[in-house]
Amino acid sequence: MFNLDARQLTPYLTMHDTRAALDFYGKVFGATWDEPMMAEDGKRIMHVTAHVAGQPLMMSDAFPEFGNVEGPDKQRGSPVCISLQLQKPEDIDALYEKALAHGAEGTSPPEDMFWGDRFAQFADPQGHRWMLTALLPKTGS
């Protein structure tokens, strides 16, 4: 039997405009990133690793000429959601509002959910969906 021994699982997102995505992630999440690897055309980013809350997030612009799919459909969004678990429930509200202030589209405003998390969801300006969660404190019985 095969035993998978991996160090981490890292999302790799295709963007409509990676430079704009980096700007958004920097403003909203405080992301930093490594030096982007530029394509031969000198305009598109072939690869870059951003760091969101200490976690890697790889991305590039679309390269349809090499069979690389486009970014999320502008009308329907992305079928994939990136989940970011925060330490404090009150941070959900602040991060959600900050994302909206920088051009994200809110899809689920912050709310305490039946499963025990504070939860919110938005689509970033590139169309990638983000879920924000934080464990709610236990209440006495």
# chains A, B, ... in the order shown; residues from 1 in each chain; ligands from 1
$ residues_around --residues "segment 70-82 of chain A" --least-positions-apart "6" --cutoff "7 Å" --atoms "only C-alpha atoms" --output "list in words"
Thr14, Met15, His16, Ala62, Pro64, Gly127, His128, Arg129, Trp130 and Met131 of chain A
$ residues_around --residues "Ala20 of chain A" --least-positions-apart "4" --cutoff "9 Å" --atoms "only C-alpha atoms" --output "list of chain:residue names"
A:His16, A:Phe24, A:Tyr25, A:Pro125, A:Gln126
$ closest_residue --among "A:Asp17, A:Thr10, A:Asn68, A:Tyr96" --to "Gln55 of chain A" --atoms "only C-alpha atoms"
A:Thr10
$ residues_around --residues "Arg44 of chain A" --least-positions-apart "6" --cutoff "10 Å" --atoms "only C-alpha atoms" --output "PyMOL selection string"
chain A and resi 16-19+36-38+60-63
$ select_by_dssp --residues "chain A" --states "helix (DSSP H, G or I)" --output "mmCIF file with C-alpha atoms, in the first residue's frame"
data_model
loop_
_atom_site.group_PDB
_atom_site.id
_atom_site.type_symbol
_atom_site.label_atom_id
_atom_site.label_comp_id
_atom_site.auth_asym_id
_atom_site.auth_seq_id
_atom_site.Cartn_x
_atom_site.Cartn_y
_atom_site.Cartn_z
ATOM 1 C CA THR A 18 -1.276 38.538 -11.043
ATOM 2 C CA ARG A 19 0.175 41.987 -10.296
ATOM 3 C CA ALA A 20 -3.272 43.241 -9.264
ATOM 4 C CA ALA A 21 -3.830 40.073 -7.196
ATOM 5 C CA LEU A 22 -0.548 40.613 -5.347
ATOM 6 C CA ASP A 23 -1.547 44.201 -4.625
ATOM 7 C CA PHE A 24 -4.945 43.073 -3.268
ATOM 8 C CA TYR A 25 -3.434 40.260 -1.156
ATOM 9 C CA GLY A 26 -0.821 42.656 0.207
ATOM 10 C CA LYS A 27 -3.426 45.254 1.221
ATOM 11 C CA VAL A 28 -5.996 42.819 2.610
ATOM 12 C CA PHE A 29 -3.938 39.971 4.083
ATOM 13 C CA PRO A 64 -3.577 29.937 -22.955
ATOM 14 C CA GLU A 65 -0.993 29.451 -25.708
ATOM 15 C CA PHE A 66 0.531 26.686 -23.556
ATOM 16 C CA PRO A 89 -13.817 35.306 15.586
ATOM 17 C CA GLU A 90 -13.837 39.120 15.685
ATOM 18 C CA ASP A 91 -11.067 39.161 13.059
ATOM 19 C CA ILE A 92 -13.513 37.656 10.535
ATOM 20 C CA ASP A 93 -15.559 40.860 10.450
ATOM 21 C CA ALA A 94 -12.539 43.157 10.135
ATOM 22 C CA LEU A 95 -10.916 41.106 7.356
ATOM 23 C CA TYR A 96 -14.202 40.770 5.462
ATOM 24 C CA GLU A 97 -14.773 44.552 5.554
ATOM 25 C CA LYS A 98 -11.167 45.214 4.525
ATOM 26 C CA ALA A 99 -11.518 42.854 1.546
ATOM 27 C CA LEU A 100 -14.725 44.594 0.426
ATOM 28 C CA ALA A 101 -13.075 48.004 0.801
#
$ residues_around --residues "Leu9 of chain A" --least-positions-apart "6" --cutoff "12 Å" --atoms "only C-alpha atoms" --output "ChimeraX atom specification"
/A:55-58
$ write_last_selection --atoms "N, CA and C atoms" --output "tab-separated table (two decimals), in the first residue's frame"
chain	number	residue	atom	x	y	z
A	55	GLN	N	1.69	31.25	5.11
A	55	GLN	CA	1.43	30.09	4.27
A	55	GLN	C	1.67	30.44	2.80
A	56	PRO	N	2.23	29.51	2.02
A	56	PRO	CA	2.48	29.81	0.61
A	56	PRO	C	1.21	29.76	-0.23
A	57	LEU	N	1.16	30.63	-1.22
A	57	LEU	CA	0.10	30.66	-2.21
A	57	LEU	C	0.78	30.97	-3.54
A	58	MET	N	0.85	29.96	-4.41
A	58	MET	CA	1.52	30.14	-5.70
A	58	MET	C	0.52	30.62	-6.73
$ residues_around --residues "segment 135-139 of chain A" --least-positions-apart "6" --cutoff "7 Å" --atoms "only C-alpha atoms" --output "VMD selection string"
chain A and resid 89 116 to 118
$ write_last_selection --atoms "N, CA and C atoms" --output "tab-separated table (two decimals), in the first residue's frame"
chain	number	residue	atom	x	y	z
A	89	PRO	N	-12.59	35.08	16.36
A	89	PRO	CA	-13.82	35.31	15.59
A	89	PRO	C	-14.02	36.76	15.17
A	116	GLY	N	-20.33	25.98	14.80
A	116	GLY	CA	-19.42	26.46	15.83
A	116	GLY	C	-18.33	27.40	15.37
A	117	ASP	N	-18.43	27.92	14.14
A	117	ASP	CA	-17.46	28.89	13.63
A	117	ASP	C	-18.13	30.22	13.34
A	118	ARG	N	-17.36	31.29	13.42
A	118	ARG	CA	-17.73	32.56	12.79
A	118	ARG	C	-17.28	32.37	11.35
$ select_by_dssp --residues "chain A" --states "strand (DSSP E)" --output "number ranges by chain"
A: 12-15, 32-33, 37-38, 45-52, 55-61, 81-85, 105-112, 117-123, 129-135
$ atom_distance --atom1 "atom CA of Trp33 of chain A" --atom2 "atom CA of Phe122 of chain A"
22.0 Å
$ closest_residue --among "A:Leu86, A:Leu132, A:Ala39, A:Met59" --to "Pro109 of chain A" --atoms "only C-alpha atoms"
A:Leu132
$ atom_distance --atom1 "atom CA of Lys43 of chain A" --atom2 "atom CA of Asp124 of chain A"
21.8 Å
$ decode --residues "segment 98-110 of chain A" --atoms "all heavy atoms" --output "PDB file, in the first residue's frame"
ATOM      1  N   LYS A  98     -12.377  44.744   5.201  1.00  0.00           N
ATOM      2  CA  LYS A  98     -11.167  45.214   4.525  1.00  0.00           C
ATOM      3  C   LYS A  98     -11.133  44.699   3.085  1.00  0.00           C
ATOM      4  O   LYS A  98     -10.802  45.443   2.160  1.00  0.00           O
ATOM      5  CB  LYS A  98      -9.932  44.730   5.301  1.00  0.00           C
ATOM      6  CG  LYS A  98      -8.639  45.354   4.876  1.00  0.00           C
ATOM      7  CD  LYS A  98      -7.526  44.893   5.819  1.00  0.00           C
ATOM      8  CE  LYS A  98      -6.271  45.668   5.612  1.00  0.00           C
ATOM      9  NZ  LYS A  98      -5.197  45.216   6.501  1.00  0.00           N
ATOM     10  N   ALA A  99     -11.492  43.434   2.892  1.00  0.00           N
ATOM     11  CA  ALA A  99     -11.518  42.854   1.546  1.00  0.00           C
ATOM     12  C   ALA A  99     -12.523  43.601   0.668  1.00  0.00           C
ATOM     13  O   ALA A  99     -12.216  43.951  -0.484  1.00  0.00           O
ATOM     14  CB  ALA A  99     -11.858  41.368   1.616  1.00  0.00           C
ATOM     15  N   LEU A 100     -13.714  43.871   1.195  1.00  0.00           N
ATOM     16  CA  LEU A 100     -14.725  44.594   0.426  1.00  0.00           C
ATOM     17  C   LEU A 100     -14.260  46.007   0.092  1.00  0.00           C
ATOM     18  O   LEU A 100     -14.491  46.493  -1.013  1.00  0.00           O
ATOM     19  CB  LEU A 100     -16.052  44.631   1.184  1.00  0.00           C
ATOM     20  CG  LEU A 100     -17.025  43.491   0.886  1.00  0.00           C
ATOM     21  CD1 LEU A 100     -16.444  42.124   1.058  1.00  0.00           C
ATOM     22  CD2 LEU A 100     -18.301  43.656   1.671  1.00  0.00           C
ATOM     23  N   ALA A 101     -13.576  46.650   1.029  1.00  0.00           N
ATOM     24  CA  ALA A 101     -13.075  48.004   0.801  1.00  0.00           C
ATOM     25  C   ALA A 101     -12.031  48.046  -0.312  1.00  0.00           C
ATOM     26  O   ALA A 101     -11.821  49.093  -0.928  1.00  0.00           O
ATOM     27  CB  ALA A 101     -12.489  48.573   2.100  1.00  0.00           C
ATOM     28  N   HIS A 102     -11.393  46.915  -0.581  1.00  0.00           N
ATOM     29  CA  HIS A 102     -10.362  46.849  -1.629  1.00  0.00           C
ATOM     30  C   HIS A 102     -10.850  46.138  -2.889  1.00  0.00           C
ATOM     31  O   HIS A 102     -10.051  45.668  -3.688  1.00  0.00           O
ATOM     32  CB  HIS A 102      -9.100  46.192  -1.077  1.00  0.00           C
ATOM     33  CG  HIS A 102      -8.363  47.075  -0.110  1.00  0.00           C
ATOM     34  ND1 HIS A 102      -7.629  48.162  -0.492  1.00  0.00           N
ATOM     35  CD2 HIS A 102      -8.308  47.040   1.243  1.00  0.00           C
ATOM     36  CE1 HIS A 102      -7.129  48.760   0.564  1.00  0.00           C
ATOM     37  NE2 HIS A 102      -7.533  48.100   1.643  1.00  0.00           N
ATOM     38  N   GLY A 103     -12.164  46.038  -3.056  1.00  0.00           N
ATOM     39  CA  GLY A 103     -12.701  45.560  -4.317  1.00  0.00           C
ATOM     40  C   GLY A 103     -13.245  44.151  -4.347  1.00  0.00           C
ATOM     41  O   GLY A 103     -13.683  43.680  -5.395  1.00  0.00           O
ATOM     42  N   ALA A 104     -13.235  43.442  -3.216  1.00  0.00           N
ATOM     43  CA  ALA A 104     -13.811  42.100  -3.189  1.00  0.00           C
ATOM     44  C   ALA A 104     -15.334  42.197  -3.215  1.00  0.00           C
ATOM     45  O   ALA A 104     -15.914  43.224  -2.860  1.00  0.00           O
ATOM     46  CB  ALA A 104     -13.370  41.350  -1.931  1.00  0.00           C
ATOM     47  N   GLU A 105     -15.965  41.114  -3.637  1.00  0.00           N
ATOM     48  CA  GLU A 105     -17.426  41.037  -3.642  1.00  0.00           C
ATOM     49  C   GLU A 105     -17.865  40.101  -2.524  1.00  0.00           C
ATOM     50  O   GLU A 105     -17.478  38.924  -2.499  1.00  0.00           O
ATOM     51  CB  GLU A 105     -17.917  40.496  -4.982  1.00  0.00           C
ATOM     52  CG  GLU A 105     -19.411  40.367  -5.068  1.00  0.00           C
ATOM     53  CD  GLU A 105     -19.877  39.757  -6.377  1.00  0.00           C
ATOM     54  OE1 GLU A 105     -19.146  39.839  -7.380  1.00  0.00           O
ATOM     55  OE2 GLU A 105     -20.971  39.163  -6.369  1.00  0.00           O
ATOM     56  N   GLY A 106     -18.641  40.613  -1.603  1.00  0.00           N
ATOM     57  CA  GLY A 106     -19.128  39.793  -0.503  1.00  0.00           C
ATOM     58  C   GLY A 106     -20.162  38.793  -0.978  1.00  0.00           C
ATOM     59  O   GLY A 106     -21.063  39.142  -1.728  1.00  0.00           O
ATOM     60  N   THR A 107     -20.010  37.545  -0.569  1.00  0.00           N
ATOM     61  CA  THR A 107     -20.984  36.519  -0.940  1.00  0.00           C
ATOM     62  C   THR A 107     -21.697  35.951   0.281  1.00  0.00           C
ATOM     63  O   THR A 107     -22.822  35.489   0.162  1.00  0.00           O
ATOM     64  CB  THR A 107     -20.325  35.381  -1.743  1.00  0.00           C
ATOM     65  OG1 THR A 107     -19.219  34.857  -1.010  1.00  0.00           O
ATOM     66  CG2 THR A 107     -19.818  35.888  -3.088  1.00  0.00           C
ATOM     67  N   SER A 108     -21.072  35.980   1.443  1.00  0.00           N
ATOM     68  CA  SER A 108     -21.691  35.583   2.712  1.00  0.00           C
ATOM     69  C   SER A 108     -21.137  36.488   3.796  1.00  0.00           C
ATOM     70  O   SER A 108     -19.970  36.360   4.169  1.00  0.00           O
ATOM     71  CB  SER A 108     -21.371  34.122   3.062  1.00  0.00           C
ATOM     72  OG  SER A 108     -21.951  33.236   2.149  1.00  0.00           O
ATOM     73  N   PRO A 109     -21.934  37.424   4.316  1.00  0.00           N
ATOM     74  CA  PRO A 109     -21.422  38.305   5.365  1.00  0.00           C
ATOM     75  C   PRO A 109     -21.110  37.529   6.637  1.00  0.00           C
ATOM     76  O   PRO A 109     -21.612  36.419   6.834  1.00  0.00           O
ATOM     77  CB  PRO A 109     -22.557  39.301   5.582  1.00  0.00           C
ATOM     78  CG  PRO A 109     -23.763  38.685   4.991  1.00  0.00           C
ATOM     79  CD  PRO A 109     -23.314  37.693   3.963  1.00  0.00           C
ATOM     80  N   PRO A 110     -20.289  38.091   7.507  1.00  0.00           N
ATOM     81  CA  PRO A 110     -19.922  37.400   8.745  1.00  0.00           C
ATOM     82  C   PRO A 110     -21.141  36.996   9.563  1.00  0.00           C
ATOM     83  O   PRO A 110     -22.082  37.776   9.727  1.00  0.00           O
ATOM     84  CB  PRO A 110     -19.077  38.433   9.492  1.00  0.00           C
ATOM     85  CG  PRO A 110     -18.523  39.312   8.423  1.00  0.00           C
ATOM     86  CD  PRO A 110     -19.604  39.385   7.383  1.00  0.00           C
TER      87      PRO A 110
END
